[in-house]
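Notes for the one structure printed next.
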Amino acid sequence: MKEILERINQQFNCSAHEHQPENLSWVQLDKKQLVPLLSYLKHTENFSHFVLLTAVDWIENNEFQLNYLLTNHELHQDIAIRVMIPRDEPEMITAHHLWQQIATYQREINEMYGINFPNSPRVNESFLLEGWEGIPPMRREFDTKKYSEETFFPRPRQEGKDPQTHMKQKLYPDEE
Amino acid sequence: MKNKLFNISPDRSKYPTIGKDGKPEIDLSSGKFVKIWQGPNHPGVTGNMSLELTVSGDEVVDAKTHVGYLHRGFEKLFERRKYIQCFPTSIRMCVPEADSNEYCLAVGTEKLAGIDVPDRAKWLRMLTLEMSRLQMLLRIVPGQGGTMGLGIGVQWGMYLRDLILDRFEELTGGRIYHMYILPGGVRGGLPEGFETRLEENLKDIEKFVHRIDNVLYQNAVFRKRAMGVGYLDPSWVDEYGVVGSNARAAGFKRDVRKDNPYLFYEQLDWEVPIKTESDIYTRARIRWYDLQVTIDLIRQILAKIPKTGDVRAKTPNVMHWKIPAGQTYVKSESSRGEFGFFMVSDGTDKPRRINLRGPSYTHAVPLLERMLINTNIADVGALMVSLQTCPPEIER
């Protein structure tokens, strides 16, 4: 694994390093270099399994962190790639052409964090939230407590009806 | 794929016409296509998800997975909770196999905080993980027959699963949700006579393994409907991130317990079953082998659990525990495949981000959408169950 990391560092001018837990290495690099690195890892270094794509909101630094995790099934090694993108410009280059499932991850991140992936298939279709308006819910400034108080409470109390009288009035309105 | 028995594959040269982008051009007003919904409430779907199917005759020409019926925003809720408060929520992320959730969350917390777990706790963790796999397999193995109208195995499986849940209740106090694995170890040792009672259950399950073989796997109807149907091309395994039994049925020896051994799996003697036919029957058959392997593993674990020793390492007060800043990814092998937690800590007492990587995320959305095309609508339920899709993992 050390040789692979050295090759990555040379080729992409970054600082890849091994880290706890075992079998997991980390690379951080610029967003423009991401797709070339993913393609290099997939085709040259045999990191054929794409595990996950996830985002983290660092609101205090005004940036989003995107994590791409890959596995090499021959060496049983994982590599996590970190890309920081500015919060003011939440846009990332799509990588859906490399693995089929990336389009789904990108679609979810677009919905949950408002990070756009131009040209990714169906990226603007809603995934979990149908008809959601307002700020994307996984962003740190979205307050779940405030949202639920505004949306769900206080509920108007339902007026209770006696089922027997209600049905009688509904079915036989003419009767006493 | 062509059905060997009835030769029902229609002539695809005329319609649907394939457009320039390689996708079928579907004009609903032509009268040749009908759009139908399978789910969200349907006996053929596994949980609350639905499939939007465009069918031509009784064959699916286009499919879309719709999720969101079960979204509870767990990953968002974690950001407002202390680590220990995340446990009761995390176990609900994958309902049928709750222990994988608590295991990954506990190990992630320990790795970030730098805590070592006592050996006895590790053996007990392995026992609960394997028992959890066993009860899940007792549902899914006969459940495959249930999708094709063979209901009897399902009743047997549920009865035996309840026996395992009895053992869980004895060990942890809970039947489905256990919260037994906590940061630092587990909540307690084995009750008196637990091994004997579990061994009796295992003997019953062994009888079931042979009976279900006769009832389901040798059944002529099941064989004709499941063999050669729902073919997962081995080239899709990497393309779609297929893991677990679905990958093993396509000839890939993928098992996190062997590839990246965790706990004491290295000390156990077992083989990963693999097959290459990659259809519904093979995937079901792989789970039947998994069932036998799990029974064997539980016996080996029971023989090796130390009788004495600590079950939990000392941790700081969990309500005021600040976890050092860091990031980690923890994975384990659930009955469906690689099950992982990506965890980010910012040095406070609440996690910055916890993300679940469930096998169903790829199996039920991009892969299922691809595999459903050219499937008969009668086989849609069987195909979903054969991929072992679990919607709670998709919408965390």
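Every chain in the structure tokens has a letter given in the order shown (A, B, ...), and although residue numbers restart at 1 in each chain, ligands are simply numbered from 1 in the order shown.
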
Using only C-alpha atoms, find each residue in chain A having at least one atom no more than 6 Å away from chain B; report its shortest atom-to-atom pair and that distance in Å (one decimal), rows by chain then rising number, as a tab-separated table.
residue	atom	partner	partner_atom	distance
A:Ser48	CA	B:Asp238	CA	5.9
A:His49	CA	B:Asp238	CA	5.4
A:Phe50	CA	B:Gly241	CA	5.9
A:His76	CA	B:Asp259	CA	5.9
A:Trp99	CA	B:Glu239	CA	5.2
A:Gln100	CA	B:Tyr240	CA	5.4
A:Gln101	CA	B:Tyr240	CA	5.4
A:Leu128	CA	B:Gly68	CA	4.1

(Q) Residues of range 348-388 of chain B classed as alpha helix (DSSP H) by DSSP on the backbone are to be reported as a ChimeraX atom specification. (A) /B:359-362,368-371,380-387

Would you mind exporting the chosen residues as a compact mmCIF listing (two decimals), in the first residue's frame, restricted to all heavy atoms?
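Once everything was written out, this is again-v4.txt:
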# COMPACT_ATOMS: atom_id res chain seq x y z
N PRO B 359 -25.65 -2.16 2.25
CA PRO B 359 -25.57 -2.83 0.95
C PRO B 359 -26.80 -2.55 0.07
O PRO B 359 -26.68 -2.52 -1.15
CB PRO B 359 -25.50 -4.31 1.30
CG PRO B 359 -25.41 -4.41 2.77
CD PRO B 359 -25.61 -3.09 3.38
N SER B 360 -27.96 -2.32 0.71
CA SER B 360 -29.17 -2.13 -0.09
C SER B 360 -29.17 -0.83 -0.87
O SER B 360 -29.94 -0.68 -1.80
CB SER B 360 -30.40 -2.14 0.81
OG SER B 360 -30.47 -3.35 1.49
N TYR B 361 -28.32 0.12 -0.45
CA TYR B 361 -28.29 1.40 -1.16
C TYR B 361 -28.01 1.19 -2.64
O TYR B 361 -28.66 1.77 -3.50
CB TYR B 361 -27.23 2.29 -0.52
CG TYR B 361 -27.35 3.74 -0.89
CD1 TYR B 361 -28.05 4.61 -0.09
CD2 TYR B 361 -26.76 4.24 -2.05
CE1 TYR B 361 -28.17 5.94 -0.42
CE2 TYR B 361 -26.88 5.56 -2.39
CZ TYR B 361 -27.58 6.41 -1.57
OH TYR B 361 -27.69 7.73 -1.92
N THR B 362 -27.04 0.35 -2.92
CA THR B 362 -26.74 0.09 -4.33
C THR B 362 -27.59 -1.06 -4.88
O THR B 362 -27.99 -1.02 -6.03
CB THR B 362 -25.26 -0.26 -4.52
OG1 THR B 362 -24.92 -1.25 -3.55
CG2 THR B 362 -24.38 0.92 -4.34
N LEU B 368 -31.13 -2.69 -8.93
CA LEU B 368 -32.48 -3.23 -9.14
C LEU B 368 -33.12 -2.60 -10.38
O LEU B 368 -33.77 -3.28 -11.17
CB LEU B 368 -33.33 -3.01 -7.89
CG LEU B 368 -34.71 -3.62 -7.90
CD1 LEU B 368 -34.64 -5.14 -7.92
CD2 LEU B 368 -35.53 -3.19 -6.70
N GLU B 369 -32.92 -1.28 -10.53
CA GLU B 369 -33.49 -0.60 -11.70
C GLU B 369 -32.98 -1.22 -13.00
O GLU B 369 -33.69 -1.31 -13.98
CB GLU B 369 -33.15 0.90 -11.66
CG GLU B 369 -34.01 1.67 -10.68
CD GLU B 369 -33.63 3.14 -10.55
OE1 GLU B 369 -32.67 3.57 -11.22
OE2 GLU B 369 -34.27 3.84 -9.77
N ARG B 370 -31.72 -1.63 -12.98
CA ARG B 370 -31.14 -2.25 -14.18
C ARG B 370 -31.64 -3.69 -14.35
O ARG B 370 -31.97 -4.13 -15.44
CB ARG B 370 -29.62 -2.20 -14.04
CG ARG B 370 -28.84 -3.01 -15.05
CD ARG B 370 -28.44 -2.17 -16.23
NE ARG B 370 -27.63 -2.90 -17.16
CZ ARG B 370 -26.35 -2.61 -17.41
NH1 ARG B 370 -25.75 -1.63 -16.80
NH2 ARG B 370 -25.68 -3.30 -18.30
N MET B 371 -31.69 -4.42 -13.22
CA MET B 371 -32.03 -5.84 -13.31
C MET B 371 -33.49 -6.09 -13.63
O MET B 371 -33.86 -7.15 -14.14
CB MET B 371 -31.66 -6.55 -12.01
CG MET B 371 -30.16 -6.76 -11.87
SD MET B 371 -29.76 -7.66 -10.40
CE MET B 371 -30.32 -9.30 -10.83
N VAL B 380 -40.95 -9.97 -10.09
CA VAL B 380 -40.36 -8.76 -9.51
C VAL B 380 -40.11 -8.95 -8.01
O VAL B 380 -39.02 -8.64 -7.50
CB VAL B 380 -41.26 -7.53 -9.77
CG1 VAL B 380 -40.76 -6.32 -9.02
CG2 VAL B 380 -41.30 -7.23 -11.25
N GLY B 381 -41.11 -9.48 -7.31
CA GLY B 381 -40.97 -9.70 -5.86
C GLY B 381 -39.84 -10.66 -5.56
O GLY B 381 -39.02 -10.40 -4.66
N ALA B 382 -39.76 -11.74 -6.33
CA ALA B 382 -38.71 -12.73 -6.11
C ALA B 382 -37.33 -12.12 -6.34
O ALA B 382 -36.39 -12.40 -5.61
CB ALA B 382 -38.91 -13.92 -7.04
N LEU B 383 -37.23 -11.25 -7.34
CA LEU B 383 -35.95 -10.63 -7.64
C LEU B 383 -35.51 -9.71 -6.51
O LEU B 383 -34.36 -9.73 -6.07
CB LEU B 383 -36.06 -9.84 -8.96
CG LEU B 383 -34.79 -9.15 -9.43
CD1 LEU B 383 -33.71 -10.15 -9.74
CD2 LEU B 383 -35.08 -8.31 -10.66
N MET B 384 -36.48 -8.94 -5.99
CA MET B 384 -36.15 -8.03 -4.88
C MET B 384 -35.67 -8.80 -3.66
O MET B 384 -34.68 -8.44 -3.03
CB MET B 384 -37.39 -7.23 -4.47
CG MET B 384 -37.71 -6.12 -5.41
SD MET B 384 -39.17 -5.28 -4.85
CE MET B 384 -38.52 -4.27 -3.58
N VAL B 385 -36.39 -9.87 -3.32
CA VAL B 385 -36.01 -10.64 -2.13
C VAL B 385 -34.67 -11.32 -2.37
O VAL B 385 -33.85 -11.42 -1.47
CB VAL B 385 -37.12 -11.64 -1.75
CG1 VAL B 385 -36.67 -12.55 -0.63
CG2 VAL B 385 -38.35 -10.87 -1.30
N SER B 386 -34.42 -11.75 -3.62
CA SER B 386 -33.15 -12.42 -3.89
C SER B 386 -31.97 -11.46 -3.75
O SER B 386 -30.87 -11.88 -3.46
CB SER B 386 -33.16 -13.06 -5.27
OG SER B 386 -32.86 -12.11 -6.25
N LEU B 387 -32.22 -10.16 -3.96
CA LEU B 387 -31.15 -9.17 -3.74
C LEU B 387 -31.11 -8.74 -2.28
O LEU B 387 -30.24 -8.00 -1.86
CB LEU B 387 -31.35 -7.94 -4.62
CG LEU B 387 -31.20 -8.14 -6.12
CD1 LEU B 387 -31.58 -6.87 -6.85
CD2 LEU B 387 -29.79 -8.53 -6.48

Q: For CA of Thr109 in chain B and CA of Ala80 in chain A, determine how far apart the two atoms are, in Å to one decimal place.
A: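 The value is 18.4 Å.
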
Q | Nearest to Met1 in chain A by atom-to-atom distance, counting only C-alpha atoms, from A:Leu75, A:Glu63, A:Ala55, A:Leu37 | A |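 Smallest separation from Met1 in chain A among the options: A:Leu75.
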
Q.
Give me the residues near Phe117 in chain A as a ChimeraX atom specification, where near means some atom within 10 Å (using only C-alpha atoms) and where sequence neighbours in that chain fewer than 3 positions away do not count.
A. /A:90-96,103,106-107,109-110,114,120-121,123-124

Q: Tell me which of B:Asn201, B:Ile286, B:Arg72, B:Asp255 sits closest to His73 in chain A, counting only C-alpha atoms.
A: B:Asp255

Q.
When DSSP is applied to the backbone of this structure, which of range 12-96 of chain A are assigned strand (DSSP E)? Write them out as a PyMOL selection string.
A. chain A and resi 17-19+24-28+49-58+63-72+77-86

Might you pull out every residue within 9 Å of Leu70 in chain A, with only C-alpha atoms counted and same-chain residues fewer than 2 positions away left off, and present them as a PDB file with all heavy atoms, in the first residue's frame?
ATOM      1  N   LEU A  38      -9.685   9.220  -9.242  1.00  0.00           N
ATOM      2  CA  LEU A  38     -10.610   8.073  -9.171  1.00  0.00           C
ATOM      3  C   LEU A  38     -10.367   7.137 -10.344  1.00  0.00           C
ATOM      4  O   LEU A  38     -10.308   5.918 -10.187  1.00  0.00           O
ATOM      5  CB  LEU A  38     -12.070   8.548  -9.190  1.00  0.00           C
ATOM      6  CG  LEU A  38     -12.639   9.199  -7.936  1.00  0.00           C
ATOM      7  CD1 LEU A  38     -14.065   9.641  -8.190  1.00  0.00           C
ATOM      8  CD2 LEU A  38     -12.609   8.253  -6.757  1.00  0.00           C
ATOM      9  N   LEU A  41      -7.083   5.284  -9.831  1.00  0.00           N
ATOM     10  CA  LEU A  41      -7.194   4.224  -8.824  1.00  0.00           C
ATOM     11  C   LEU A  41      -7.987   3.037  -9.360  1.00  0.00           C
ATOM     12  O   LEU A  41      -7.655   1.887  -9.111  1.00  0.00           O
ATOM     13  CB  LEU A  41      -7.869   4.763  -7.554  1.00  0.00           C
ATOM     14  CG  LEU A  41      -7.018   5.683  -6.681  1.00  0.00           C
ATOM     15  CD1 LEU A  41      -7.853   6.306  -5.594  1.00  0.00           C
ATOM     16  CD2 LEU A  41      -5.854   4.919  -6.069  1.00  0.00           C
ATOM     17  N   LYS A  42      -9.049   3.333 -10.129  1.00  0.00           N
ATOM     18  CA  LYS A  42      -9.890   2.247 -10.640  1.00  0.00           C
ATOM     19  C   LYS A  42      -9.140   1.438 -11.700  1.00  0.00           C
ATOM     20  O   LYS A  42      -9.110   0.210 -11.633  1.00  0.00           O
ATOM     21  CB  LYS A  42     -11.179   2.822 -11.232  1.00  0.00           C
ATOM     22  CG  LYS A  42     -12.132   1.750 -11.707  1.00  0.00           C
ATOM     23  CD  LYS A  42     -13.364   2.301 -12.404  1.00  0.00           C
ATOM     24  CE  LYS A  42     -14.225   1.158 -12.892  1.00  0.00           C
ATOM     25  NZ  LYS A  42     -15.389   1.624 -13.641  1.00  0.00           N
ATOM     26  N   PHE A  47      -8.467  -0.392  -7.604  1.00  0.00           N
ATOM     27  CA  PHE A  47      -9.469  -0.089  -6.567  1.00  0.00           C
ATOM     28  C   PHE A  47     -10.832  -0.137  -7.251  1.00  0.00           C
ATOM     29  O   PHE A  47     -11.410   0.871  -7.604  1.00  0.00           O
ATOM     30  CB  PHE A  47      -9.200   1.291  -5.948  1.00  0.00           C
ATOM     31  CG  PHE A  47      -8.128   1.266  -4.902  1.00  0.00           C
ATOM     32  CD1 PHE A  47      -6.795   1.315  -5.265  1.00  0.00           C
ATOM     33  CD2 PHE A  47      -8.447   1.155  -3.563  1.00  0.00           C
ATOM     34  CE1 PHE A  47      -5.799   1.262  -4.304  1.00  0.00           C
ATOM     35  CE2 PHE A  47      -7.453   1.103  -2.602  1.00  0.00           C
ATOM     36  CZ  PHE A  47      -6.134   1.160  -2.975  1.00  0.00           C
ATOM     37  N   SER A  48     -11.327  -1.356  -7.447  1.00  0.00           N
ATOM     38  CA  SER A  48     -12.487  -1.522  -8.330  1.00  0.00           C
ATOM     39  C   SER A  48     -13.817  -1.329  -7.633  1.00  0.00           C
ATOM     40  O   SER A  48     -14.836  -1.126  -8.273  1.00  0.00           O
ATOM     41  CB  SER A  48     -12.445  -2.926  -8.940  1.00  0.00           C
ATOM     42  OG  SER A  48     -12.389  -3.872  -7.895  1.00  0.00           O
ATOM     43  N   HIS A  49     -13.836  -1.381  -6.297  1.00  0.00           N
ATOM     44  CA  HIS A  49     -15.119  -1.313  -5.578  1.00  0.00           C
ATOM     45  C   HIS A  49     -15.317   0.081  -4.997  1.00  0.00           C
ATOM     46  O   HIS A  49     -14.522   0.534  -4.169  1.00  0.00           O
ATOM     47  CB  HIS A  49     -15.113  -2.378  -4.471  1.00  0.00           C
ATOM     48  CG  HIS A  49     -16.314  -2.349  -3.591  1.00  0.00           C
ATOM     49  ND1 HIS A  49     -17.593  -2.291  -4.083  1.00  0.00           N
ATOM     50  CD2 HIS A  49     -16.440  -2.376  -2.243  1.00  0.00           C
ATOM     51  CE1 HIS A  49     -18.449  -2.280  -3.080  1.00  0.00           C
ATOM     52  NE2 HIS A  49     -17.774  -2.328  -1.949  1.00  0.00           N
ATOM     53  N   PHE A  50     -16.370   0.759  -5.445  1.00  0.00           N
ATOM     54  CA  PHE A  50     -16.706   2.065  -4.897  1.00  0.00           C
ATOM     55  C   PHE A  50     -17.631   1.855  -3.710  1.00  0.00           C
ATOM     56  O   PHE A  50     -18.720   1.323  -3.855  1.00  0.00           O
ATOM     57  CB  PHE A  50     -17.375   2.935  -5.966  1.00  0.00           C
ATOM     58  CG  PHE A  50     -17.644   4.328  -5.498  1.00  0.00           C
ATOM     59  CD1 PHE A  50     -16.650   5.293  -5.560  1.00  0.00           C
ATOM     60  CD2 PHE A  50     -18.865   4.669  -4.957  1.00  0.00           C
ATOM     61  CE1 PHE A  50     -16.888   6.570  -5.105  1.00  0.00           C
ATOM     62  CE2 PHE A  50     -19.098   5.952  -4.497  1.00  0.00           C
ATOM     63  CZ  PHE A  50     -18.105   6.908  -4.573  1.00  0.00           C
ATOM     64  N   VAL A  51     -17.185   2.277  -2.533  1.00  0.00           N
ATOM     65  CA  VAL A  51     -17.939   1.971  -1.309  1.00  0.00           C
ATOM     66  C   VAL A  51     -18.989   3.018  -1.016  1.00  0.00           C
ATOM     67  O   VAL A  51     -20.176   2.704  -0.894  1.00  0.00           O
ATOM     68  CB  VAL A  51     -17.000   1.811  -0.097  1.00  0.00           C
ATOM     69  CG1 VAL A  51     -17.777   1.411   1.133  1.00  0.00           C
ATOM     70  CG2 VAL A  51     -15.930   0.797  -0.385  1.00  0.00           C
ATOM     71  N   LEU A  52     -18.580   4.271  -0.894  1.00  0.00           N
ATOM     72  CA  LEU A  52     -19.572   5.297  -0.567  1.00  0.00           C
ATOM     73  C   LEU A  52     -19.096   6.676  -0.956  1.00  0.00           C
ATOM     74  O   LEU A  52     -17.902   6.925  -1.149  1.00  0.00           O
ATOM     75  CB  LEU A  52     -19.948   5.273   0.916  1.00  0.00           C
ATOM     76  CG  LEU A  52     -18.921   5.577   1.997  1.00  0.00           C
ATOM     77  CD1 LEU A  52     -18.767   7.058   2.244  1.00  0.00           C
ATOM     78  CD2 LEU A  52     -19.370   4.950   3.293  1.00  0.00           C
ATOM     79  N   TYR A  68     -14.925  10.218  -0.750  1.00  0.00           N
ATOM     80  CA  TYR A  68     -15.090   9.111  -1.700  1.00  0.00           C
ATOM     81  C   TYR A  68     -14.285   7.944  -1.146  1.00  0.00           C
ATOM     82  O   TYR A  68     -13.092   8.100  -0.872  1.00  0.00           O
ATOM     83  CB  TYR A  68     -14.550   9.496  -3.078  1.00  0.00           C
ATOM     84  CG  TYR A  68     -15.293  10.623  -3.754  1.00  0.00           C
ATOM     85  CD1 TYR A  68     -15.091  11.939  -3.365  1.00  0.00           C
ATOM     86  CD2 TYR A  68     -16.184  10.367  -4.795  1.00  0.00           C
ATOM     87  CE1 TYR A  68     -15.763  12.981  -3.986  1.00  0.00           C
ATOM     88  CE2 TYR A  68     -16.858  11.405  -5.424  1.00  0.00           C
ATOM     89  CZ  TYR A  68     -16.641  12.706  -5.015  1.00  0.00           C
ATOM     90  OH  TYR A  68     -17.308  13.726  -5.636  1.00  0.00           O
ATOM     91  N   ASN A  72      -9.768  -1.926  -2.628  1.00  0.00           N
ATOM     92  CA  ASN A  72      -9.042  -2.823  -3.516  1.00  0.00           C
ATOM     93  C   ASN A  72      -9.234  -4.228  -2.961  1.00  0.00           C
ATOM     94  O   ASN A  72      -8.773  -4.530  -1.859  1.00  0.00           O
ATOM     95  CB  ASN A  72      -7.560  -2.431  -3.509  1.00  0.00           C
ATOM     96  CG  ASN A  72      -6.729  -3.297  -4.417  1.00  0.00           C
ATOM     97  OD1 ASN A  72      -7.025  -4.479  -4.602  1.00  0.00           O
ATOM     98  ND2 ASN A  72      -5.700  -2.716  -4.991  1.00  0.00           N
ATOM     99  N   GLN A  77      -7.478  -3.350   0.886  1.00  0.00           N
ATOM    100  CA  GLN A  77      -7.157  -2.014   1.394  1.00  0.00           C
ATOM    101  C   GLN A  77      -8.233  -1.033   0.965  1.00  0.00           C
ATOM    102  O   GLN A  77      -8.770  -1.136  -0.133  1.00  0.00           O
ATOM    103  CB  GLN A  77      -5.816  -1.558   0.803  1.00  0.00           C
ATOM    104  CG  GLN A  77      -4.620  -2.333   1.277  1.00  0.00           C
ATOM    105  CD  GLN A  77      -4.142  -1.893   2.649  1.00  0.00           C
ATOM    106  OE1 GLN A  77      -4.529  -0.840   3.152  1.00  0.00           O
ATOM    107  NE2 GLN A  77      -3.308  -2.708   3.260  1.00  0.00           N
ATOM    108  N   ASP A  78      -8.527  -0.082   1.863  1.00  0.00           N
ATOM    109  CA  ASP A  78      -9.481   0.979   1.536  1.00  0.00           C
ATOM    110  C   ASP A  78      -8.720   2.288   1.386  1.00  0.00           C
ATOM    111  O   ASP A  78      -7.703   2.490   2.036  1.00  0.00           O
ATOM    112  CB  ASP A  78     -10.504   1.168   2.662  1.00  0.00           C
ATOM    113  CG  ASP A  78     -11.402  -0.041   2.824  1.00  0.00           C
ATOM    114  OD1 ASP A  78     -11.414  -0.874   1.908  1.00  0.00           O
ATOM    115  OD2 ASP A  78     -12.079  -0.148   3.858  1.00  0.00           O
ATOM    116  N   ILE A  79      -9.275   3.150   0.554  1.00  0.00           N
ATOM    117  CA  ILE A  79      -8.697   4.496   0.463  1.00  0.00           C
ATOM    118  C   ILE A  79      -9.835   5.504   0.487  1.00  0.00           C
ATOM    119  O   ILE A  79     -10.843   5.322  -0.191  1.00  0.00           O
ATOM    120  CB  ILE A  79      -7.773   4.635  -0.772  1.00  0.00           C
ATOM    121  CG1 ILE A  79      -6.999   5.933  -0.713  1.00  0.00           C
ATOM    122  CG2 ILE A  79      -8.505   4.523  -2.082  1.00  0.00           C
ATOM    123  CD1 ILE A  79      -5.771   5.935  -1.589  1.00  0.00           C
ATOM    124  N   ALA A  80      -9.690   6.504   1.351  1.00  0.00           N
ATOM    125  CA  ALA A  80     -10.723   7.540   1.458  1.00  0.00           C
ATOM    126  C   ALA A  80     -10.174   8.827   0.885  1.00  0.00           C
ATOM    127  O   ALA A  80      -9.087   9.256   1.268  1.00  0.00           O
ATOM    128  CB  ALA A  80     -11.113   7.736   2.914  1.00  0.00           C
ATOM    129  N   ILE A  81     -10.917   9.409  -0.040  1.00  0.00           N
ATOM    130  CA  ILE A  81     -10.462  10.638  -0.692  1.00  0.00           C
ATOM    131  C   ILE A  81     -11.324  11.792  -0.192  1.00  0.00           C
ATOM    132  O   ILE A  81     -12.550  11.707  -0.212  1.00  0.00           O
ATOM    133  CB  ILE A  81     -10.575  10.519  -2.220  1.00  0.00           C
ATOM    134  CG1 ILE A  81      -9.763   9.307  -2.688  1.00  0.00           C
ATOM    135  CG2 ILE A  81     -10.080  11.774  -2.903  1.00  0.00           C
ATOM    136  CD1 ILE A  81     -10.168   8.793  -4.029  1.00  0.00           C
TER     137      ILE A  81
END

Q | Selection: 7 Å around Lys64 in chain B, only C-alpha atoms, excl. self and same-chain fewer than 5 positions, as a PyMOL selection string | A | chain B and resi 51-53+369

(Q) So that I can check the surroundings of Asp213 in chain B, please list as a ChimeraX atom specification every protein, DNA and RNA residue that reaches within 10 Å of it, counting only C-alpha atoms and ignoring chain neighbours fewer than 5 positions away. (A) /B:142,153,208,218-219,285,288

Just the selected residues (all heavy atoms), exported as a PDB file, in the first residue's frame, please.
ATOM      1  N   PRO B 142     -36.336 -19.012   3.830  1.00  0.00           N
ATOM      2  CA  PRO B 142     -37.661 -19.440   3.393  1.00  0.00           C
ATOM      3  C   PRO B 142     -38.453 -18.310   2.742  1.00  0.00           C
ATOM      4  O   PRO B 142     -39.348 -18.558   1.942  1.00  0.00           O
ATOM      5  CB  PRO B 142     -38.338 -19.894   4.686  1.00  0.00           C
ATOM      6  CG  PRO B 142     -37.601 -19.245   5.781  1.00  0.00           C
ATOM      7  CD  PRO B 142     -36.232 -18.962   5.307  1.00  0.00           C
ATOM      8  N   GLY B 153     -42.467 -22.772   4.348  1.00  0.00           N
ATOM      9  CA  GLY B 153     -41.137 -22.571   4.929  1.00  0.00           C
ATOM     10  C   GLY B 153     -41.078 -21.311   5.753  1.00  0.00           C
ATOM     11  O   GLY B 153     -40.361 -21.250   6.765  1.00  0.00           O
ATOM     12  N   PHE B 208     -34.236 -28.047  10.312  1.00  0.00           N
ATOM     13  CA  PHE B 208     -34.915 -27.150   9.371  1.00  0.00           C
ATOM     14  C   PHE B 208     -34.104 -26.984   8.087  1.00  0.00           C
ATOM     15  O   PHE B 208     -34.662 -26.945   6.990  1.00  0.00           O
ATOM     16  CB  PHE B 208     -35.135 -25.790  10.062  1.00  0.00           C
ATOM     17  CG  PHE B 208     -35.452 -24.662   9.137  1.00  0.00           C
ATOM     18  CD1 PHE B 208     -36.734 -24.500   8.634  1.00  0.00           C
ATOM     19  CD2 PHE B 208     -34.477 -23.732   8.762  1.00  0.00           C
ATOM     20  CE1 PHE B 208     -37.028 -23.450   7.790  1.00  0.00           C
ATOM     21  CE2 PHE B 208     -34.772 -22.687   7.912  1.00  0.00           C
ATOM     22  CZ  PHE B 208     -36.048 -22.551   7.428  1.00  0.00           C
ATOM     23  N   GLN B 218     -35.515 -28.286  -3.662  1.00  0.00           N
ATOM     24  CA  GLN B 218     -35.767 -29.408  -4.566  1.00  0.00           C
ATOM     25  C   GLN B 218     -37.158 -29.308  -5.208  1.00  0.00           C
ATOM     26  O   GLN B 218     -37.552 -30.182  -5.967  1.00  0.00           O
ATOM     27  CB  GLN B 218     -35.663 -30.752  -3.824  1.00  0.00           C
ATOM     28  CG  GLN B 218     -34.394 -30.941  -3.021  1.00  0.00           C
ATOM     29  CD  GLN B 218     -33.132 -30.805  -3.860  1.00  0.00           C
ATOM     30  OE1 GLN B 218     -33.172 -30.974  -5.076  1.00  0.00           O
ATOM     31  NE2 GLN B 218     -32.031 -30.480  -3.222  1.00  0.00           N
ATOM     32  N   ASN B 219     -37.885 -28.269  -4.851  1.00  0.00           N
ATOM     33  CA  ASN B 219     -39.245 -28.125  -5.372  1.00  0.00           C
ATOM     34  C   ASN B 219     -39.200 -27.767  -6.869  1.00  0.00           C
ATOM     35  O   ASN B 219     -38.525 -26.825  -7.276  1.00  0.00           O
ATOM     36  CB  ASN B 219     -39.939 -27.015  -4.570  1.00  0.00           C
ATOM     37  CG  ASN B 219     -41.372 -26.823  -4.987  1.00  0.00           C
ATOM     38  OD1 ASN B 219     -41.658 -26.508  -6.133  1.00  0.00           O
ATOM     39  ND2 ASN B 219     -42.274 -27.009  -4.055  1.00  0.00           N
ATOM     40  N   ARG B 285     -29.540 -20.151  -2.750  1.00  0.00           N
ATOM     41  CA  ARG B 285     -28.744 -21.298  -2.323  1.00  0.00           C
ATOM     42  C   ARG B 285     -27.546 -20.852  -1.481  1.00  0.00           C
ATOM     43  O   ARG B 285     -27.191 -21.477  -0.480  1.00  0.00           O
ATOM     44  CB  ARG B 285     -28.240 -22.040  -3.578  1.00  0.00           C
ATOM     45  CG  ARG B 285     -27.801 -23.462  -3.320  1.00  0.00           C
ATOM     46  CD  ARG B 285     -28.933 -24.315  -2.874  1.00  0.00           C
ATOM     47  NE  ARG B 285     -28.624 -25.728  -2.907  1.00  0.00           N
ATOM     48  CZ  ARG B 285     -29.375 -26.668  -2.345  1.00  0.00           C
ATOM     49  NH1 ARG B 285     -30.478 -26.339  -1.715  1.00  0.00           N
ATOM     50  NH2 ARG B 285     -29.045 -27.914  -2.408  1.00  0.00           N
ATOM     51  N   TRP B 288     -28.542 -20.357   1.921  1.00  0.00           N
ATOM     52  CA  TRP B 288     -28.738 -21.646   2.603  1.00  0.00           C
ATOM     53  C   TRP B 288     -27.397 -22.181   3.124  1.00  0.00           C
ATOM     54  O   TRP B 288     -27.307 -22.669   4.249  1.00  0.00           O
ATOM     55  CB  TRP B 288     -29.361 -22.632   1.611  1.00  0.00           C
ATOM     56  CG  TRP B 288     -29.676 -23.978   2.168  1.00  0.00           C
ATOM     57  CD1 TRP B 288     -30.710 -24.280   3.008  1.00  0.00           C
ATOM     58  CD2 TRP B 288     -28.979 -25.197   1.914  1.00  0.00           C
ATOM     59  NE1 TRP B 288     -30.692 -25.621   3.298  1.00  0.00           N
ATOM     60  CE2 TRP B 288     -29.645 -26.208   2.636  1.00  0.00           C
ATOM     61  CE3 TRP B 288     -27.874 -25.541   1.139  1.00  0.00           C
ATOM     62  CZ2 TRP B 288     -29.227 -27.542   2.602  1.00  0.00           C
ATOM     63  CZ3 TRP B 288     -27.461 -26.857   1.112  1.00  0.00           C
ATOM     64  CH2 TRP B 288     -28.141 -27.837   1.842  1.00  0.00           C
TER      65      TRP B 288
END
